[in-house]
>>> print(open('upload-v6.cif').read())   # mmCIF, C-alpha atoms
data_start
loop_
_atom_site.label_atom_id
_atom_site.label_comp_id
_atom_site.auth_asym_id
_atom_site.auth_seq_id
_atom_site.Cartn_x
_atom_site.Cartn_y
_atom_site.Cartn_z
CA MET A 62 75.10 98.52 181.96
CA SER A 63 73.26 101.79 182.53
CA GLY A 64 73.69 104.04 185.55
CA ARG A 65 70.26 103.06 186.74
CA THR A 66 71.13 99.38 186.95
CA ARG A 67 74.12 100.21 189.14
CA GLN A 68 71.99 102.00 191.72
CA THR A 69 72.60 101.54 195.39
CA VAL A 70 69.22 101.10 197.07
CA VAL A 71 68.32 100.79 200.76
CA VAL A 72 65.02 99.13 201.68
CA THR A 73 63.78 99.05 205.26
CA GLY A 74 61.40 96.34 206.39
CA ALA A 75 63.00 94.25 203.65
CA SER A 76 62.54 90.80 205.16
CA ALA A 77 58.90 90.38 204.11
CA GLY A 78 55.92 91.88 202.35
CA ILE A 79 56.23 95.05 200.26
CA GLY A 80 59.82 95.64 201.35
CA ARG A 81 60.96 92.21 200.20
CA ALA A 82 59.12 92.45 196.88
CA THR A 83 60.59 95.93 196.36
CA ALA A 84 64.12 94.68 196.99
CA VAL A 85 63.61 92.01 194.34
CA VAL A 86 62.31 94.37 191.62
CA PHE A 87 65.32 96.64 192.10
CA ALA A 88 67.60 93.60 192.06
CA ALA A 89 66.07 92.41 188.78
CA ARG A 90 67.76 95.29 187.02
CA GLY A 91 71.10 94.77 188.71
CA ALA A 92 70.93 97.11 191.68
CA ARG A 93 73.00 96.83 194.82
CA VAL A 94 70.36 96.40 197.52
CA ALA A 95 70.90 96.90 201.25
CA LEU A 96 68.17 95.14 203.21
CA LEU A 97 67.33 96.46 206.68
CA ALA A 98 65.06 94.57 209.07
CA ARG A 99 65.13 92.98 212.53
CA GLY A 100 64.64 89.28 211.73
CA ARG A 101 67.76 87.37 210.73
CA ALA A 102 66.03 84.43 209.01
CA GLY A 103 63.79 86.70 206.97
CA LEU A 104 66.71 88.95 206.03
CA ASP A 105 68.89 86.07 204.89
CA ALA A 106 66.10 84.65 202.75
CA ALA A 107 65.36 88.08 201.25
CA ALA A 108 69.06 88.48 200.44
CA ALA A 109 68.97 85.12 198.64
CA ASP A 110 65.98 86.35 196.61
CA VAL A 111 67.87 89.52 195.66
CA ARG A 112 70.89 87.54 194.47
CA ALA A 113 68.68 85.12 192.53
CA ALA A 114 67.06 88.10 190.79
CA GLY A 115 70.44 89.40 189.65
CA GLY A 116 71.32 92.01 192.25
CA GLN A 117 73.90 92.33 195.01
CA ALA A 118 72.58 91.99 198.55
CA LEU A 119 73.72 93.43 201.86
CA PRO A 120 71.46 92.27 204.73
CA ILE A 121 71.86 94.32 207.90
CA VAL A 122 69.95 93.52 211.09
CA THR A 123 68.48 96.91 212.04
CA ASP A 124 65.73 98.16 214.32
CA VAL A 125 64.63 101.37 212.60
CA ALA A 126 63.11 102.63 215.85
CA GLU A 127 66.71 103.14 217.05
CA TRP A 128 68.53 106.04 215.38
CA ASP A 129 72.00 104.75 216.17
CA GLN A 130 71.26 101.46 214.43
CA VAL A 131 69.93 103.21 211.31
CA GLU A 132 72.89 105.58 211.21
CA SER A 133 75.31 102.67 211.60
CA ALA A 134 73.56 100.73 208.81
CA ALA A 135 73.77 103.74 206.49
CA ARG A 136 77.51 104.06 207.11
CA ARG A 137 78.02 100.38 206.37
CA VAL A 138 76.07 100.64 203.11
CA GLU A 139 78.27 103.49 201.91
CA GLU A 140 81.42 101.65 202.92
CA GLU A 141 80.44 98.47 201.05
CA PHE A 142 78.21 99.68 198.21
CA GLY A 143 78.97 103.38 197.82
CA ARG A 144 76.67 106.40 197.97
CA VAL A 145 72.96 105.70 198.34
CA ASP A 146 70.86 106.57 195.28
CA VAL A 147 67.44 105.47 196.56
CA TRP A 148 66.24 104.97 200.11
CA VAL A 149 62.87 103.23 200.54
CA ASN A 150 61.21 103.60 203.96
CA ASN A 151 58.79 100.75 204.51
CA ALA A 152 59.37 99.15 207.94
CA PHE A 153 56.60 99.21 210.53
CA THR A 154 55.03 97.34 213.40
CA ALA A 155 51.40 97.41 214.46
CA ALA A 156 48.96 96.61 217.24
CA PHE A 157 45.45 95.78 216.08
CA GLY A 158 42.43 96.35 218.28
CA LYS A 159 40.20 99.07 219.66
CA PHE A 160 42.21 102.02 220.94
CA THR A 161 41.05 101.35 224.50
CA ASP A 162 42.35 97.75 224.26
CA VAL A 163 45.81 98.73 223.01
CA SER A 164 48.13 99.46 225.92
CA PRO A 165 50.16 102.69 226.11
CA GLU A 166 53.34 100.63 225.73
CA GLU A 167 52.03 98.90 222.59
CA PHE A 168 50.91 102.19 221.09
CA SER A 169 54.25 103.80 221.81
CA GLN A 170 56.25 100.96 220.28
CA ALA A 171 54.12 100.89 217.12
CA THR A 172 54.56 104.64 216.77
CA ARG A 173 58.33 104.49 217.31
CA SER A 174 58.85 101.70 214.80
CA THR A 175 56.53 103.09 212.16
CA TYR A 176 56.67 106.88 212.39
CA LEU A 177 60.12 107.40 213.92
CA GLY A 178 61.47 104.60 211.73
CA TYR A 179 60.62 106.73 208.70
CA VAL A 180 62.08 109.82 210.37
CA HIS A 181 65.33 107.99 211.08
CA GLY A 182 65.51 106.52 207.59
CA THR A 183 64.88 109.88 205.97
CA ARG A 184 67.52 111.55 208.15
CA ALA A 185 70.12 108.92 207.25
CA ALA A 186 69.27 109.22 203.56
CA LEU A 187 69.45 113.01 203.51
CA GLN A 188 72.77 113.02 205.36
CA SER A 189 74.16 111.15 202.37
CA MET A 190 72.15 112.77 199.58
CA VAL A 191 71.96 116.48 200.43
CA PRO A 192 75.74 117.18 200.37
CA ARG A 193 75.99 115.73 196.85
CA ASP A 194 72.61 117.21 195.78
CA ARG A 195 71.39 113.91 194.43
CA GLY A 196 69.14 111.04 195.49
CA THR A 197 65.56 109.95 196.10
CA VAL A 198 63.64 108.97 199.22
CA VAL A 199 60.48 106.91 198.67
CA GLN A 200 58.03 106.72 201.56
CA VAL A 201 55.77 103.66 201.40
CA GLY A 202 52.50 105.11 202.60
CA SER A 203 48.92 103.96 202.72
CA ALA A 204 45.41 105.12 202.01
CA LEU A 205 45.28 105.20 205.82
CA ALA A 206 47.68 108.18 205.75
CA TYR A 207 44.55 110.19 204.89
CA ARG A 208 41.66 108.04 206.11
CA GLY A 209 41.72 106.50 209.58
CA ILE A 210 39.85 103.26 210.12
CA PRO A 211 38.78 101.42 213.28
CA LEU A 212 41.05 98.87 214.96
CA GLN A 213 44.25 100.45 213.58
CA SER A 214 44.60 103.70 215.53
CA ALA A 215 48.36 103.33 216.09
CA TYR A 216 49.07 102.53 212.46
CA CYS A 217 46.75 105.20 211.09
CA GLY A 218 48.20 107.80 213.44
CA ALA A 219 51.75 106.93 212.36
CA LYS A 220 50.89 107.03 208.66
CA HIS A 221 49.17 110.41 209.08
CA ALA A 222 52.30 111.63 210.88
CA ILE A 223 54.54 110.36 208.08
CA GLN A 224 52.43 112.24 205.57
CA GLY A 225 52.81 115.54 207.44
CA PHE A 226 56.49 114.94 208.11
CA THR A 227 57.17 114.19 204.44
CA GLU A 228 55.39 117.33 203.27
CA SER A 229 57.45 119.43 205.67
CA VAL A 230 60.75 117.93 204.53
CA ARG A 231 59.76 118.29 200.87
CA CYS A 232 59.05 122.00 201.37
CA GLU A 233 62.44 122.49 203.02
CA LEU A 234 64.23 120.80 200.12
CA LEU A 235 62.32 122.96 197.65
CA HIS A 236 63.27 126.08 199.62
CA ASP A 237 66.92 125.08 199.44
CA LYS A 238 66.58 124.36 195.69
CA SER A 239 67.88 120.87 196.36
CA ALA A 240 67.83 118.26 193.62
CA VAL A 241 67.07 115.57 196.24
CA ARG A 242 63.53 114.28 195.83
CA VAL A 243 61.08 112.85 198.36
CA THR A 244 57.95 111.11 197.10
CA MET A 245 55.25 109.01 198.75
CA VAL A 246 53.35 105.96 197.47
CA GLN A 247 49.92 105.46 199.03
CA MET A 248 49.13 101.75 199.11
CA PRO A 249 45.93 99.70 199.22
CA ALA A 250 45.46 96.56 201.31
CA VAL A 251 48.32 94.18 200.53
CA ASN A 252 48.74 90.45 201.14
CA THR A 253 51.74 90.48 203.51
CA PRO A 254 52.71 88.33 206.51
CA GLN A 255 51.84 91.16 208.92
CA PHE A 256 48.33 89.76 209.34
CA THR A 257 49.84 86.53 210.65
CA TRP A 258 52.42 88.05 212.99
CA LEU A 259 50.99 91.39 214.14
CA ARG A 260 50.13 92.10 217.78
CA THR A 261 46.38 91.67 217.96
CA HIS A 262 43.57 92.16 220.43
CA LEU A 263 40.95 91.01 217.95
CA PRO A 264 38.81 87.93 218.65
CA ARG A 265 39.36 86.62 215.11
CA HIS A 266 42.29 86.42 212.68
CA ALA A 267 43.10 89.82 211.16
CA GLN A 268 42.90 90.41 207.43
CA PRO A 269 43.45 93.32 205.03
CA VAL A 270 40.31 95.22 204.02
CA PRO A 271 39.36 93.85 200.57
CA PRO A 272 40.20 94.30 197.76
CA ILE A 273 43.63 92.82 198.51
CA TYR A 274 46.67 93.15 196.25
CA GLN A 275 49.87 91.16 195.98
CA PRO A 276 53.12 92.78 197.22
CA GLU A 277 54.50 92.84 193.68
CA VAL A 278 51.83 95.37 192.65
CA ALA A 279 53.07 97.65 195.41
CA ALA A 280 56.72 96.98 194.61
CA ARG A 281 56.33 97.98 190.96
CA ALA A 282 54.74 101.24 192.10
CA VAL A 283 57.68 101.93 194.42
CA LEU A 284 60.08 101.30 191.55
CA ARG A 285 58.21 103.72 189.32
CA ALA A 286 58.14 106.35 192.07
CA ALA A 287 61.90 106.01 192.49
CA ASP A 288 62.38 106.46 188.75
CA HIS A 289 59.97 109.42 188.56
CA PRO A 290 60.20 111.21 191.92
CA GLN A 291 59.08 114.54 190.50
CA ARG A 292 55.52 113.48 191.35
CA ARG A 293 54.98 114.22 195.01
CA GLU A 294 52.64 111.26 195.49
CA TYR A 295 51.41 108.09 193.83
CA TRP A 296 48.11 106.33 194.52
CA VAL A 297 48.08 102.55 194.03
CA GLY A 298 44.83 100.71 193.39
CA THR A 299 41.29 101.78 192.63
CA SER A 300 40.35 101.28 196.29
CA THR A 301 43.03 103.77 197.38
CA ALA A 302 41.97 106.38 194.84
CA LEU A 303 38.28 106.06 195.68
CA THR A 304 38.94 106.14 199.43
CA LEU A 305 41.07 109.28 199.26
CA LEU A 306 38.67 111.11 196.99
CA ALA A 307 35.64 110.09 199.04
CA ASN A 308 37.37 111.16 202.24
CA ALA A 309 38.00 114.59 200.72
CA VAL A 310 34.34 114.98 199.75
CA VAL A 311 32.23 113.06 202.30
CA PRO A 312 34.41 112.21 205.32
CA GLY A 313 31.45 112.07 207.70
CA LEU A 314 29.73 109.51 205.50
CA LEU A 315 32.90 107.40 205.58
CA ASP A 316 33.00 107.66 209.39
CA ARG A 317 29.56 106.09 209.62
CA TYR A 318 30.24 103.53 206.90
CA LEU A 319 33.46 102.35 208.56
CA ALA A 320 31.79 102.26 211.96
CA ARG A 321 29.33 99.74 210.50
CA THR A 322 31.68 97.70 208.32
CA GLY A 323 35.24 98.26 209.56
CA PHE A 324 35.22 95.64 212.31
CA ASP A 325 34.04 92.62 210.33
CA SER A 326 35.94 93.56 207.15
CA GLN A 327 39.27 93.35 209.02
CA GLN A 328 38.68 89.88 210.45
CA THR A 329 38.28 86.44 208.94
CA ASP A 330 35.95 83.78 210.29
CA ALA A 331 38.89 81.97 211.87
CA LEU A 332 39.81 82.38 215.51
CA ARG A 333 43.08 84.20 216.11
CA LEU A 334 46.26 82.30 216.75
CA PRO A 335 46.53 81.40 220.44
CA GLU A 336 49.94 83.07 220.98
CA GLY A 337 48.88 86.43 219.51
CA HIS A 338 52.08 88.19 220.61
CA GLY A 339 53.09 89.34 217.16
CA ASN A 340 56.28 91.11 216.16
CA LEU A 341 55.74 94.34 218.07
CA LEU A 342 58.60 93.95 220.52
CA ALA A 343 60.69 91.28 218.77
CA PRO A 344 60.91 90.12 215.14
CA ALA A 345 58.66 87.24 214.17
CA ASP A 346 61.07 86.12 211.46
CA GLU A 347 64.21 85.82 213.58
CA LYS A 348 64.30 82.03 213.11
CA ASP A 349 61.64 81.36 210.46
CA ASP A 350 61.22 83.00 207.07
CA TYR A 351 57.67 84.04 206.14
CA GLY A 352 58.36 85.18 202.58
CA ALA A 353 56.88 88.19 200.82
CA HIS A 354 53.28 86.96 200.69
CA GLY A 355 50.74 86.50 203.44
CA VAL A 356 48.02 83.86 203.66
CA PHE A 357 45.57 85.54 201.28
CA ASP A 358 47.00 84.48 197.91
CA ASP A 359 43.65 83.08 196.81
CA GLN A 360 42.04 86.53 197.20
CA ALA A 361 44.87 88.85 196.15
CA HIS A 362 44.97 90.69 192.83
CA THR A 363 48.08 90.96 190.67
CA PHE A 364 46.81 93.90 188.57
CA ASP A 365 44.60 96.96 188.91
CA PRO A 366 43.52 99.25 186.03
CA GLN A 367 44.07 102.33 188.19
CA VAL A 368 47.78 101.58 188.33
CA TRP A 369 47.95 101.60 184.53
CA ALA A 370 45.88 104.79 184.42
CA SER A 371 48.15 106.44 186.97
CA ARG A 372 51.18 105.73 184.81
CA HIS A 373 49.42 107.68 182.08
CA HIS A 374 48.35 110.49 184.44
CA MET A 375 44.72 109.40 184.27
CA GLY A 376 44.37 107.86 187.72
CA LYS A 377 42.57 110.67 189.52
CA ALA A 378 40.22 111.27 186.61
CA VAL A 379 39.27 107.60 186.51
CA ALA A 380 38.80 107.52 190.28
CA ALA A 381 36.75 110.71 190.23
CA ALA A 382 34.45 109.23 187.59
CA GLY A 383 34.06 106.12 189.74
CA LEU A 384 33.31 108.24 192.79
CA VAL A 385 30.63 110.17 190.93
CA GLY A 386 29.07 106.90 189.80
CA ALA A 387 29.18 105.47 193.31
CA GLY A 388 27.66 108.62 194.75
CA TYR A 389 24.89 108.59 192.17
CA ALA A 390 24.08 104.96 192.97
CA LEU A 391 24.01 105.76 196.68
CA LEU A 392 21.64 108.67 196.15
CA ARG A 393 19.35 106.54 193.99
CA ARG A 394 19.27 103.84 196.67
CA ARG A 395 18.45 106.36 199.38
CA SER A 396 15.70 107.97 197.33
CA SER A 397 14.06 104.72 196.26
CA PRO A 398 10.94 103.66 198.22
#
>>> encode(input="upload-v6.cif", output="structure tokens")
Amino acid sequence: MSGRTRQTVVVTGASAGIGRATAVVFAARGARVALLARGRAGLDAAAADVRAAGGQALPIVTDVAEWDQVESAARRVEEEFGRVDVWVNNAFTAAFGKFTDVSPEEFSQATRSTYLGYVHGTRAALQSMVPRDRGTVVQVGSALAYRGIPLQSAYCGAKHAIQGFTESVRCELLHDKSAVRVTMVQMPAVNTPQFTWLRTHLPRHAQPVPPIYQPEVAARAVLRAADHPQRREYWVGTSTALTLLANAVVPGLLDRYLARTGFDSQQTDALRLPEGHGNLLAPADEKDDYGAHGVFDDQAHTFDPQVWASRHHMGKAVAAAGLVGAGYALLRRRSSP
């Protein structure tokens, strides 16, 4: 058994979605996986998935918004599994709706869970890794870390903050000539249970902005980032690459485009669930397991050519070519009578 297969890995937000799929891909090569999340039923089911995949599981009920809980979880991991090799920050909560409809309390909680959750996870990881000059932190990001969209102001703000925070910490580690690595994986829209259990002020059921990808696509990218953390950032999916490049070139055009399309593209035709309370203040999977996937399996992709291209250091070139083509088509449409 290689050293890699004996890794100790911590995954936050591990009871569902990307976090759960990530725990399973690490487990498939024999890793010891500590799963941190708030919901007991979801955690227990995720732990069963990890064991079925061939790994060891340590589920720990943890609210990442609370530093003392994260610190306690990190200590327990080291006591039971040994030093942490990889820490994956993924947990978040969200409140969907226009900024003026989201209450200050909702906004604050989403920010604490998402942004401060990553801060707390990174702090716990570095406390273990820096003294031994070894280890990797993977931040599960989003295209929305660069490009804000309507109806997700709390989430977009937190992801932007995580991006800036991560860059700052990376610079400090470089200054100290540390061998500890911090990398970020910018994700596309993913088919996770969040769109069933999020706090929403929308009139209709929330959905990811198409194209939608399965959590396993994201999980494989996290695994690769952990194995190759020398790259400061990974982009997952053609939609992510095109969005980030377009935002760098024509952000004003994207503002207007999203103002026209961003409301309908984030809602299905179905009315929202009548309870609509979501998991903002309490876990939705405390008693019921939701699994890794959301309700959009029939629309979600299991592969994207950009991911293959990125593995071969061609991702940005491919995306740039696509952006040029899209821009040319747009100009032709505008100039046509």
>>> closest_residue(input="upload-v6.cif", among="A:Arg208, A:Thr197, A:Tyr318, A:Ala309", to="A:Gln291", atoms="all atoms listed in the file")
A:Thr197
>>> resolve_selection(input="upload-v6.cif", expression="the PyMOL selection byres ((chain A and resi 325) around 12)", output="ChimeraX atom specification")
/A:211-212,263-271,319-324,326-331
>>> residues_near_point(input="upload-v6.cif", point="(55.5, 111.3, 204.9)", cutoff="12 Å", atoms="only C-alpha atoms", output="ChimeraX atom specification")
/A:149-151,175-180,182-183,198-203,205-207,218-232,243-247,293-294
>>> resolve_selection(input="upload-v6.cif", expression="the PyMOL selection byres ((chain A and resi 248-256) around 8)", output="PyMOL selection string")
chain A and resi 77-79+201-204+246-247+257-259+266-276+279+296-298+300-301+351-358+361
>>> write_last_selection(input="upload-v6.cif", atoms="C-alpha atoms", output="tab-separated table (two decimals), in the coordinates of the input")
chain	number	residue	atom	x	y	z
A	77	ALA	CA	58.90	90.38	204.11
A	78	GLY	CA	55.92	91.88	202.35
A	79	ILE	CA	56.23	95.05	200.26
A	201	VAL	CA	55.77	103.66	201.40
A	202	GLY	CA	52.50	105.11	202.60
A	203	SER	CA	48.92	103.96	202.72
A	204	ALA	CA	45.41	105.12	202.01
A	246	VAL	CA	53.35	105.96	197.47
A	247	GLN	CA	49.92	105.46	199.03
A	257	THR	CA	49.84	86.53	210.65
A	258	TRP	CA	52.42	88.05	212.99
A	259	LEU	CA	50.99	91.39	214.14
A	266	HIS	CA	42.29	86.42	212.68
A	267	ALA	CA	43.10	89.82	211.16
A	268	GLN	CA	42.90	90.41	207.43
A	269	PRO	CA	43.45	93.32	205.03
A	270	VAL	CA	40.31	95.22	204.02
A	271	PRO	CA	39.36	93.85	200.57
A	272	PRO	CA	40.20	94.30	197.76
A	273	ILE	CA	43.63	92.82	198.51
A	274	TYR	CA	46.67	93.15	196.25
A	275	GLN	CA	49.87	91.16	195.98
A	276	PRO	CA	53.12	92.78	197.22
A	279	ALA	CA	53.07	97.65	195.41
A	296	TRP	CA	48.11	106.33	194.52
A	297	VAL	CA	48.08	102.55	194.03
A	298	GLY	CA	44.83	100.71	193.39
A	300	SER	CA	40.35	101.28	196.29
A	301	THR	CA	43.03	103.77	197.38
A	351	TYR	CA	57.67	84.04	206.14
A	352	GLY	CA	58.36	85.18	202.58
A	353	ALA	CA	56.88	88.19	200.82
A	354	HIS	CA	53.28	86.96	200.69
A	355	GLY	CA	50.74	86.50	203.44
A	356	VAL	CA	48.02	83.86	203.66
A	357	PHE	CA	45.57	85.54	201.28
A	358	ASP	CA	47.00	84.48	197.91
A	361	ALA	CA	44.87	88.85	196.15
>>> closest_residue(input="upload-v6.cif", among="A:Ala155, A:Ala287, A:Val241, A:Val94", to="A:Ala109", atoms="all atoms listed in the file")
A:Val94
>>> closest_residue(input="upload-v6.cif", among="A:Ala95, A:Val310, A:Ala113, A:Val163", to="A:Arg137", atoms="all atoms listed in the file")
A:Ala95
>>> closest_residue(input="upload-v6.cif", among="A:Ala185, A:Met190, A:Ala102, A:Leu96", to="A:Ala84", atoms="only C-alpha atoms")
A:Leu96
>>> residues_around(input="upload-v6.cif", residues="stretch 237-240 of chain A", least_positions_apart="5", cutoff="8 Å", atoms="all atoms listed in the file", output="list in words")
Val191, Asp194, Arg195 and Gly196 of chain A
>>> closest_residue(input="upload-v6.cif", among="A:His289, A:Arg99, A:Arg136, A:Arg144", to="A:Val122", atoms="all atoms listed in the file")
A:Arg99
>>> resolve_selection(input="upload-v6.cif", expression="the PyMOL selection byres ((chain A and resi 342) around 9)", output="PyMOL selection string")
chain A and resi 154+167+170-171+338-341+343-344
>>> atom_distance(input="upload-v6.cif", atom1="atom CA of A:Asn308", atom2="atom CA of A:Gly209")
9.7 Å
>>> closest_residue(input="upload-v6.cif", among="A:Ala106, A:Ala156, A:Leu315, A:Ala286", to="A:Ser371", atoms="only C-alpha atoms")
A:Ala286
>>> atom_distance(input="upload-v6.cif", atom1="atom CA of A:Ala108", atom2="atom CA of A:His362")
25.4 Å
>>> decode(input="upload-v6.cif", residues="stretch 112-129 of chain A", atoms="N, CA, C and O atoms", output="PDB file, in the first residue's frame")
ATOM      1  N   ARG A 112     -16.897   3.561   3.960  1.00  0.00           N
ATOM      2  CA  ARG A 112     -16.475   2.196   4.305  1.00  0.00           C
ATOM      3  C   ARG A 112     -16.735   1.242   3.143  1.00  0.00           C
ATOM      4  O   ARG A 112     -15.918   0.359   2.858  1.00  0.00           O
ATOM      5  N   ALA A 113     -17.864   1.409   2.461  1.00  0.00           N
ATOM      6  CA  ALA A 113     -18.179   0.547   1.323  1.00  0.00           C
ATOM      7  C   ALA A 113     -17.178   0.740   0.187  1.00  0.00           C
ATOM      8  O   ALA A 113     -16.904  -0.187  -0.582  1.00  0.00           O
ATOM      9  N   ALA A 114     -16.631   1.949   0.084  1.00  0.00           N
ATOM     10  CA  ALA A 114     -15.658   2.254  -0.976  1.00  0.00           C
ATOM     11  C   ALA A 114     -14.260   1.759  -0.641  1.00  0.00           C
ATOM     12  O   ALA A 114     -13.372   1.789  -1.496  1.00  0.00           O
ATOM     13  N   GLY A 115     -14.042   1.338   0.607  1.00  0.00           N
ATOM     14  CA  GLY A 115     -12.744   0.802   0.977  1.00  0.00           C
ATOM     15  C   GLY A 115     -11.931   1.656   1.919  1.00  0.00           C
ATOM     16  O   GLY A 115     -10.772   1.333   2.208  1.00  0.00           O
ATOM     17  N   GLY A 116     -12.495   2.736   2.427  1.00  0.00           N
ATOM     18  CA  GLY A 116     -11.769   3.602   3.343  1.00  0.00           C
ATOM     19  C   GLY A 116     -12.222   3.433   4.779  1.00  0.00           C
ATOM     20  O   GLY A 116     -13.175   2.706   5.070  1.00  0.00           O
ATOM     21  N   GLN A 117     -11.514   4.107   5.674  1.00  0.00           N
ATOM     22  CA  GLN A 117     -11.932   4.190   7.074  1.00  0.00           C
ATOM     23  C   GLN A 117     -12.669   5.513   7.264  1.00  0.00           C
ATOM     24  O   GLN A 117     -12.279   6.546   6.695  1.00  0.00           O
ATOM     25  N   ALA A 118     -13.709   5.492   8.081  1.00  0.00           N
ATOM     26  CA  ALA A 118     -14.550   6.674   8.250  1.00  0.00           C
ATOM     27  C   ALA A 118     -14.594   7.102   9.708  1.00  0.00           C
ATOM     28  O   ALA A 118     -14.683   6.275  10.610  1.00  0.00           O
ATOM     29  N   LEU A 119     -14.561   8.421   9.890  1.00  0.00           N
ATOM     30  CA  LEU A 119     -14.721   9.003  11.222  1.00  0.00           C
ATOM     31  C   LEU A 119     -15.701  10.172  11.110  1.00  0.00           C
ATOM     32  O   LEU A 119     -15.305  11.298  10.809  1.00  0.00           O
ATOM     33  N   PRO A 120     -17.003   9.924  11.301  1.00  0.00           N
ATOM     34  CA  PRO A 120     -17.986  11.016  11.225  1.00  0.00           C
ATOM     35  C   PRO A 120     -17.998  11.820  12.524  1.00  0.00           C
ATOM     36  O   PRO A 120     -18.061  11.244  13.615  1.00  0.00           O
ATOM     37  N   ILE A 121     -17.925  13.141  12.390  1.00  0.00           N
ATOM     38  CA  ILE A 121     -17.916  14.021  13.552  1.00  0.00           C
ATOM     39  C   ILE A 121     -18.930  15.145  13.319  1.00  0.00           C
ATOM     40  O   ILE A 121     -18.767  15.950  12.390  1.00  0.00           O
ATOM     41  N   VAL A 122     -19.957  15.196  14.141  1.00  0.00           N
ATOM     42  CA  VAL A 122     -20.932  16.285  14.026  1.00  0.00           C
ATOM     43  C   VAL A 122     -20.228  17.597  14.364  1.00  0.00           C
ATOM     44  O   VAL A 122     -19.713  17.776  15.472  1.00  0.00           O
ATOM     45  N   THR A 123     -20.200  18.513  13.388  1.00  0.00           N
ATOM     46  CA  THR A 123     -19.439  19.758  13.536  1.00  0.00           C
ATOM     47  C   THR A 123     -20.136  20.887  12.799  1.00  0.00           C
ATOM     48  O   THR A 123     -20.500  20.736  11.630  1.00  0.00           O
ATOM     49  N   ASP A 124     -20.293  22.010  13.469  1.00  0.00           N
ATOM     50  CA  ASP A 124     -20.756  23.234  12.824  1.00  0.00           C
ATOM     51  C   ASP A 124     -19.513  24.068  12.545  1.00  0.00           C
ATOM     52  O   ASP A 124     -18.892  24.615  13.459  1.00  0.00           O
ATOM     53  N   VAL A 125     -19.124  24.171  11.278  1.00  0.00           N
ATOM     54  CA  VAL A 125     -17.866  24.842  10.947  1.00  0.00           C
ATOM     55  C   VAL A 125     -17.906  26.342  11.221  1.00  0.00           C
ATOM     56  O   VAL A 125     -16.863  27.002  11.233  1.00  0.00           O
ATOM     57  N   ALA A 126     -19.094  26.885  11.450  1.00  0.00           N
ATOM     58  CA  ALA A 126     -19.194  28.302  11.807  1.00  0.00           C
ATOM     59  C   ALA A 126     -18.646  28.561  13.202  1.00  0.00           C
ATOM     60  O   ALA A 126     -18.374  29.714  13.564  1.00  0.00           O
ATOM     61  N   GLU A 127     -18.472  27.490  13.997  1.00  0.00           N
ATOM     62  CA  GLU A 127     -18.008  27.607  15.375  1.00  0.00           C
ATOM     63  C   GLU A 127     -16.571  27.098  15.480  1.00  0.00           C
ATOM     64  O   GLU A 127     -16.310  25.910  15.320  1.00  0.00           O
ATOM     65  N   TRP A 128     -15.632  28.013  15.771  1.00  0.00           N
ATOM     66  CA  TRP A 128     -14.228  27.639  15.813  1.00  0.00           C
ATOM     67  C   TRP A 128     -13.947  26.547  16.827  1.00  0.00           C
ATOM     68  O   TRP A 128     -13.185  25.614  16.550  1.00  0.00           O
ATOM     69  N   ASP A 129     -14.550  26.596  17.981  1.00  0.00           N
ATOM     70  CA  ASP A 129     -14.244  25.595  19.002  1.00  0.00           C
ATOM     71  C   ASP A 129     -14.647  24.195  18.551  1.00  0.00           C
ATOM     72  O   ASP A 129     -13.969  23.208  18.876  1.00  0.00           O
TER      73      ASP A 129
END
